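The next block holds one structure in the form of structure tokens; read it before the comments.
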Amino acid sequence: MSETREGIVLRSVPYGENRLIVNIFTADRGTFGLIATISKKGKAGLKKAHFQNLQILEFSHAEKSKGELKRLEEARIHYSYQNLFFDPIRSCLSLFLAELLYKVLKEEEPQAELYAFVKDSLIQLDQAEGSFANFHLAFLMELSAFLGLFPDLSQSDQKPYFDLLEGQSCLKPPQHSYYLMPEETLLWQEIQVQGMRNWQDIKLNKSSHRRQVLQSLVDYFRLHLNDFGEVRSLSILREVMA
């Protein structure tokens with residue numbers, strides 16, 4: 001029996017001579033693994049292009065027990081990116097976003113609102129005109145809310161430091177190194193106020209500020225999510241977005 005659904009490719013890795021193991025994120029089933037057999041050159045069927053990171057697909061697969069790899073039968077591209085894979089900066093952003101999403105989207109359970117947010121954000125990035133230098137910062141901030149990590153900065157006027165480890169504002173620096181100085185707390189507030197709806201209006205014009213906020217946001221995720229580990233694409237993104 002086959003099932004058909006829409007999903008976003010988070011990662012694909014070679015498995016044998018002509019197969020891929022594909023991790024895909026869906027609205028109704030969360031994230032799960034598929035095994036795809038790639039057609040030989042010139043033949044119809046599944047192509048490697050279907051499984052680029054962040055590709056949005058409509059696909060069908062054979063159903064198996066929960067936790068087992070499912071055999072992918074058919075796939076077609078649901079939304080054809082015009083810029084995401086071809087513009088150098090957007091391509092670098094997509095590399096970072098795919099790696100980060102693979103780290104945080106691991107549950108095999110319905111996540112319809114989160115799926116809609118990720119899909120809509122990727123299409124926004126693909127279609128955006130002008131600067132998108134702060135897109136990833138707004139994306140990470142809003143993603144934190146879906147993960148139950150949205151930082152409460154409501155008391156930052158009275159408590160100007162933000163404790164990344166405890167996830168709360170504080171009057172003075174805590175007794176560890178994971179905190180925001182008052183100046184950076186203001187930058188986080190600016191991102192929160194504008195959000196994904198107005199990410200192009202975020203007033204972080206200095207590359208040094210963007211690098212600083214990006215690092216602190218990634219640190220915040222790392223401190224609160226199990227098995228988060230190193231984000232390998234982070235160093236590349238810092239250079240490209242300088």
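Letters A, B, ... go to the chains of the structure tokens in the order shown; residues in each chain start at 1; ligands are counted from 1 in the same order.
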All residues 8 Å or closer to region 229-237 of chain A, only C-alpha atoms, same chain fewer than 4 positions away omitted, as a ChimeraX atom specification
/A:92-93,95-96,99-100,222,241
Would you save the residues of that selection, restricted to N, CA, C and O atoms, as a tab-separated table (two decimals), in the first residue's frame?
chain	number	residue	atom	x	y	z
A	92	CYS	N	24.18	29.56	-0.19
A	92	CYS	CA	24.90	29.38	1.07
A	92	CYS	C	23.94	29.38	2.26
A	92	CYS	O	24.08	28.58	3.18
A	93	LEU	N	22.95	30.26	2.21
A	93	LEU	CA	21.92	30.27	3.25
A	93	LEU	C	21.17	28.94	3.29
A	93	LEU	O	20.87	28.42	4.36
A	95	LEU	N	22.27	26.03	2.45
A	95	LEU	CA	23.16	25.02	3.03
A	95	LEU	C	23.09	25.06	4.56
A	95	LEU	O	22.98	24.03	5.23
A	96	PHE	N	23.15	26.28	5.10
A	96	PHE	CA	23.07	26.46	6.54
A	96	PHE	C	21.71	26.04	7.08
A	96	PHE	O	21.61	25.30	8.07
A	99	GLU	N	21.22	22.21	7.12
A	99	GLU	CA	21.96	21.55	8.19
A	99	GLU	C	21.30	21.78	9.54
A	99	GLU	O	21.16	20.86	10.35
A	100	LEU	N	20.88	23.02	9.79
A	100	LEU	CA	20.26	23.32	11.07
A	100	LEU	C	18.92	22.61	11.22
A	100	LEU	O	18.63	22.03	12.28
A	222	ARG	N	22.14	25.36	20.68
A	222	ARG	CA	23.02	24.29	21.13
A	222	ARG	C	22.85	24.01	22.64
A	222	ARG	O	22.90	22.85	23.07
A	241	MET	N	28.20	36.21	4.41
A	241	MET	CA	27.32	37.28	4.84
A	241	MET	C	28.07	38.44	5.49
A	241	MET	O	27.45	39.31	6.06
Within region 24-196 of chain A, find each residue whose DSSP state, derived from the backbone, is strand (DSSP E), and express the selection as a PyMOL selection string.
chain A and resi 24-26+30-37+56-62+70-79+161-163+168-170+179-180
Closest atom pairs, region 90-166 of chain A residues within 9 Å of region 199-221 of chain A, only C-alpha atoms, as JSON lines:
{"residue": "A:Val104", "atom": "CA", "partner": "A:Phe221", "partner_atom": "CA", "distance": 8.9}
{"residue": "A:Gly130", "atom": "CA", "partner": "A:Gln200", "partner_atom": "CA", "distance": 8.4}
{"residue": "A:Ser131", "atom": "CA", "partner": "A:Gln200", "partner_atom": "CA", "distance": 7.0}
{"residue": "A:Phe132", "atom": "CA", "partner": "A:Gln200", "partner_atom": "CA", "distance": 6.6}
{"residue": "A:Ala133", "atom": "CA", "partner": "A:Gln200", "partner_atom": "CA", "distance": 8.3}
{"residue": "A:Asn134", "atom": "CA", "partner": "A:Trp199", "partner_atom": "CA", "distance": 6.7}
{"residue": "A:Phe135", "atom": "CA", "partner": "A:Trp199", "partner_atom": "CA", "distance": 6.0}
{"residue": "A:His136", "atom": "CA", "partner": "A:Leu214", "partner_atom": "CA", "distance": 8.2}
{"residue": "A:Leu137", "atom": "CA", "partner": "A:Leu214", "partner_atom": "CA", "distance": 6.4}
{"residue": "A:Ala138", "atom": "CA", "partner": "A:Trp199", "partner_atom": "CA", "distance": 6.0}
{"residue": "A:Phe139", "atom": "CA", "partner": "A:Trp199", "partner_atom": "CA", "distance": 8.6}
{"residue": "A:Leu140", "atom": "CA", "partner": "A:Leu217", "partner_atom": "CA", "distance": 7.2}
{"residue": "A:Met141", "atom": "CA", "partner": "A:Leu217", "partner_atom": "CA", "distance": 7.6}
{"residue": "A:Ser144", "atom": "CA", "partner": "A:Phe221", "partner_atom": "CA", "distance": 7.8}
{"residue": "A:Leu149", "atom": "CA", "partner": "A:Phe221", "partner_atom": "CA", "distance": 8.1}
{"residue": "A:Leu164", "atom": "CA", "partner": "A:Tyr220", "partner_atom": "CA", "distance": 5.8}
{"residue": "A:Leu165", "atom": "CA", "partner": "A:Tyr220", "partner_atom": "CA", "distance": 7.4}
Output as JSON lines one row per residue of region 96-173 of chain A within 9 Å of region 64-87 of chain A: the closest atom pair and its distance in Å to one decimal place, counting only C-alpha atoms, sorted by chain and residue number ascending.
{"residue": "A:Glu108", "atom": "CA", "partner": "A:Gly67", "partner_atom": "CA", "distance": 8.3}
{"residue": "A:Leu122", "atom": "CA", "partner": "A:Leu84", "partner_atom": "CA", "distance": 8.3}
{"residue": "A:Ile123", "atom": "CA", "partner": "A:Tyr81", "partner_atom": "CA", "distance": 7.7}
{"residue": "A:Leu125", "atom": "CA", "partner": "A:Leu84", "partner_atom": "CA", "distance": 7.2}
{"residue": "A:Asp126", "atom": "CA", "partner": "A:Leu84", "partner_atom": "CA", "distance": 5.0}
{"residue": "A:Gln127", "atom": "CA", "partner": "A:Asn83", "partner_atom": "CA", "distance": 7.2}
Could the residues in this selection be written to a file with N, CA and C atoms, as a tab-separated table (two decimals), in the first residue's frame?
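The new file result-v1.tsv reads:
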chain	number	residue	atom	x	y	z
A	108	GLU	N	9.03	12.06	14.58
A	108	GLU	CA	8.10	11.48	13.62
A	108	GLU	C	6.69	11.63	14.18
A	122	LEU	N	11.02	29.35	3.09
A	122	LEU	CA	11.90	29.01	1.97
A	122	LEU	C	11.43	29.67	0.68
A	123	ILE	N	10.14	29.70	0.47
A	123	ILE	CA	9.61	30.35	-0.74
A	123	ILE	C	9.85	31.85	-0.67
A	125	LEU	N	12.37	33.31	0.81
A	125	LEU	CA	13.79	33.51	0.52
A	125	LEU	C	14.05	33.38	-0.97
A	126	ASP	N	13.40	32.44	-1.61
A	126	ASP	CA	13.59	32.25	-3.04
A	126	ASP	C	13.11	33.46	-3.84
A	127	GLN	N	12.00	34.05	-3.41
A	127	GLN	CA	11.37	35.11	-4.18
A	127	GLN	C	11.81	36.52	-3.77
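For Asp157 (chain A), the non-local neighbours within 10 Å, defined as residues at least 4 positions apart in the same chain or in other chains and counting only C-alpha atoms, are Leu153, Tyr161, Ser169, Leu171, Pro182, Thr185 and Leu186 of chain A.
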Please save N, CA, C and O atoms of the selected residues as a compact mmCIF listing (two decimals), in the first residue's frame.
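File again_38.txt, as written:
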# COMPACT_ATOMS: atom_id res chain seq x y z
N LEU A 153 12.18 38.38 26.32
CA LEU A 153 12.96 39.60 26.51
C LEU A 153 12.11 40.73 27.07
O LEU A 153 12.51 41.90 27.02
N TYR A 161 20.76 42.20 30.76
CA TYR A 161 21.52 41.04 30.32
C TYR A 161 20.55 39.88 30.06
O TYR A 161 19.48 39.81 30.67
N SER A 169 16.03 37.06 31.28
CA SER A 169 16.77 38.30 31.50
C SER A 169 17.30 38.35 32.92
O SER A 169 16.73 37.75 33.84
N LEU A 171 19.67 41.02 35.87
CA LEU A 171 20.12 42.37 36.19
C LEU A 171 21.60 42.56 35.97
O LEU A 171 22.06 43.64 35.58
N PRO A 182 24.09 43.90 27.20
CA PRO A 182 22.92 44.74 26.90
C PRO A 182 22.81 45.16 25.44
O PRO A 182 21.70 45.18 24.87
N THR A 185 21.46 42.23 23.51
CA THR A 185 20.05 42.01 23.87
C THR A 185 19.15 42.91 23.04
O THR A 185 18.08 42.50 22.58
N LEU A 186 19.58 44.15 22.81
CA LEU A 186 18.81 45.08 21.98
C LEU A 186 18.72 44.58 20.53
O LEU A 186 17.69 44.76 19.87
Using the chain letters and numbers from this document, which residues of region 18-68 of chain A does DSSP assign to helix (DSSP H, G or I), as a VMD selection string?
chain A and resid 48 to 51
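One distance worth recording is that between CA of Leu57 (chain A) and CA of Ile8 (chain A), which is 6.3 Å.
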Using only C-alpha atoms, determine which residues lie at most 9 Å from Lys106 (chain A), disregarding the query and same-chain residues fewer than 4 positions distant; provide the list as a VMD selection string.
chain A and resid 25 30 to 32 101 to 102
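For the pair CA of Ser94 (chain A) and CA of Leu143 (chain A), the interatomic distance is 15.1 Å.
Once Leu54 (chain A) and its same-chain neighbours fewer than 3 positions away are set aside, Ile8, Val9, Leu10 and Ala98 of chain A remain within 7 Å of it when counting only C-alpha atoms.
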Hey, can you spit out that residue selection with N, CA, C and O atoms as a short mmCIF file (atom, residue, chain, number, x, y, z; two decimals), in the first residue's frame?
data_model
loop_
_atom_site.label_atom_id
_atom_site.label_comp_id
_atom_site.auth_asym_id
_atom_site.auth_seq_id
_atom_site.Cartn_x
_atom_site.Cartn_y
_atom_site.Cartn_z
N ILE A 8 9.65 18.28 2.61
CA ILE A 8 10.85 19.07 2.36
C ILE A 8 12.08 18.20 2.66
O ILE A 8 12.19 17.66 3.76
N VAL A 9 12.96 18.08 1.69
CA VAL A 9 14.17 17.27 1.87
C VAL A 9 15.11 18.00 2.82
O VAL A 9 15.48 19.15 2.60
N LEU A 10 15.50 17.32 3.88
CA LEU A 10 16.46 17.88 4.83
C LEU A 10 17.88 17.41 4.55
O LEU A 10 18.84 18.17 4.74
N ALA A 98 19.47 24.00 5.82
CA ALA A 98 19.26 22.56 5.71
C ALA A 98 19.98 21.82 6.84
O ALA A 98 19.42 20.90 7.45
#
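Relative to CA of Asp227 (chain A), CA of Cys170 (chain A) is found at 27.2 Å.
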Shell of 6 Å around region 109-118 of chain A, only C-alpha atoms, local chain residues under 3 positions omitted, as a VMD selection string:
chain A and resid 27 to 30 121
What does the file look like for those residues with N, CA and C atoms, as a short mmCIF file (atom, residue, chain, number, x, y, z; two decimals), in the first residue's frame?
data_model
loop_
_atom_site.label_atom_id
_atom_site.label_comp_id
_atom_site.auth_asym_id
_atom_site.auth_seq_id
_atom_site.Cartn_x
_atom_site.Cartn_y
_atom_site.Cartn_z
N ALA A 27 4.24 17.59 6.96
CA ALA A 27 3.30 18.22 7.89
C ALA A 27 2.63 17.20 8.81
N ASP A 28 2.25 16.06 8.26
CA ASP A 28 1.43 15.12 9.02
C ASP A 28 2.21 13.99 9.67
N ARG A 29 3.46 13.80 9.27
CA ARG A 29 4.24 12.70 9.83
C ARG A 29 5.58 13.15 10.42
N GLY A 30 5.84 14.44 10.44
CA GLY A 30 7.12 14.92 10.93
C GLY A 30 8.25 14.47 10.02
N SER A 121 8.73 30.13 4.51
CA SER A 121 9.98 30.88 4.66
C SER A 121 10.93 30.60 3.51
#
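Closest approach to Ser154 (chain A) from the set A:Asp120, A:Glu183, A:Tyr15, A:Val193 is made by A:Val193, with distances taken over only C-alpha atoms.
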Excluding same-chain residues fewer than 3 positions from Ile38 (chain A), what lies within 6 Å of it counting only C-alpha atoms, as a PDB file with all heavy atoms, in the first residue's frame?
ATOM      1  N   ASN A  18      23.466   3.107  -6.442  1.00  0.00           N
ATOM      2  CA  ASN A  18      22.483   3.976  -7.087  1.00  0.00           C
ATOM      3  C   ASN A  18      21.287   4.291  -6.184  1.00  0.00           C
ATOM      4  O   ASN A  18      20.181   4.520  -6.656  1.00  0.00           O
ATOM      5  CB  ASN A  18      21.985   3.350  -8.397  1.00  0.00           C
ATOM      6  CG  ASN A  18      21.241   2.049  -8.152  1.00  0.00           C
ATOM      7  OD1 ASN A  18      21.479   1.358  -7.158  1.00  0.00           O
ATOM      8  ND2 ASN A  18      20.329   1.708  -9.045  1.00  0.00           N
ATOM      9  N   ARG A  19      21.532   4.297  -4.880  1.00  0.00           N
ATOM     10  CA  ARG A  19      20.450   4.603  -3.956  1.00  0.00           C
ATOM     11  C   ARG A  19      20.847   5.732  -3.014  1.00  0.00           C
ATOM     12  O   ARG A  19      22.022   6.004  -2.778  1.00  0.00           O
ATOM     13  CB  ARG A  19      20.048   3.360  -3.163  1.00  0.00           C
ATOM     14  CG  ARG A  19      19.368   2.299  -4.031  1.00  0.00           C
ATOM     15  CD  ARG A  19      18.769   1.180  -3.205  1.00  0.00           C
ATOM     16  NE  ARG A  19      19.800   0.354  -2.591  1.00  0.00           N
ATOM     17  CZ  ARG A  19      19.553  -0.674  -1.776  1.00  0.00           C
ATOM     18  NH1 ARG A  19      18.296  -0.981  -1.475  1.00  0.00           N
ATOM     19  NH2 ARG A  19      20.538  -1.380  -1.275  1.00  0.00           N
ATOM     20  N   LEU A  46      13.238   8.434 -10.612  1.00  0.00           N
ATOM     21  CA  LEU A  46      13.790   9.327  -9.598  1.00  0.00           C
ATOM     22  C   LEU A  46      15.171   9.818 -10.012  1.00  0.00           C
ATOM     23  O   LEU A  46      16.022   9.043 -10.438  1.00  0.00           O
ATOM     24  CB  LEU A  46      13.887   8.593  -8.261  1.00  0.00           C
ATOM     25  CG  LEU A  46      12.563   8.052  -7.702  1.00  0.00           C
ATOM     26  CD1 LEU A  46      12.817   7.245  -6.439  1.00  0.00           C
ATOM     27  CD2 LEU A  46      11.578   9.181  -7.431  1.00  0.00           C
ATOM     28  N   LYS A  47      15.387  11.123  -9.884  1.00  0.00           N
ATOM     29  CA  LYS A  47      16.660  11.752 -10.226  1.00  0.00           C
ATOM     30  C   LYS A  47      17.272  12.379  -8.977  1.00  0.00           C
ATOM     31  O   LYS A  47      16.563  12.763  -8.052  1.00  0.00           O
ATOM     32  CB  LYS A  47      16.459  12.836 -11.292  1.00  0.00           C
ATOM     33  CG  LYS A  47      15.724  12.372 -12.544  1.00  0.00           C
ATOM     34  CD  LYS A  47      16.528  11.355 -13.328  1.00  0.00           C
ATOM     35  CE  LYS A  47      15.820  10.994 -14.641  1.00  0.00           C
ATOM     36  NZ  LYS A  47      16.555   9.943 -15.369  1.00  0.00           N
TER      37      LYS A  47
END
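In terms of minimum interatomic distance to Gln189 (chain A), A:Asp152 ranks closest within A:Pro14, A:Gln158, A:Ser177, A:Asp152, counting only C-alpha atoms.
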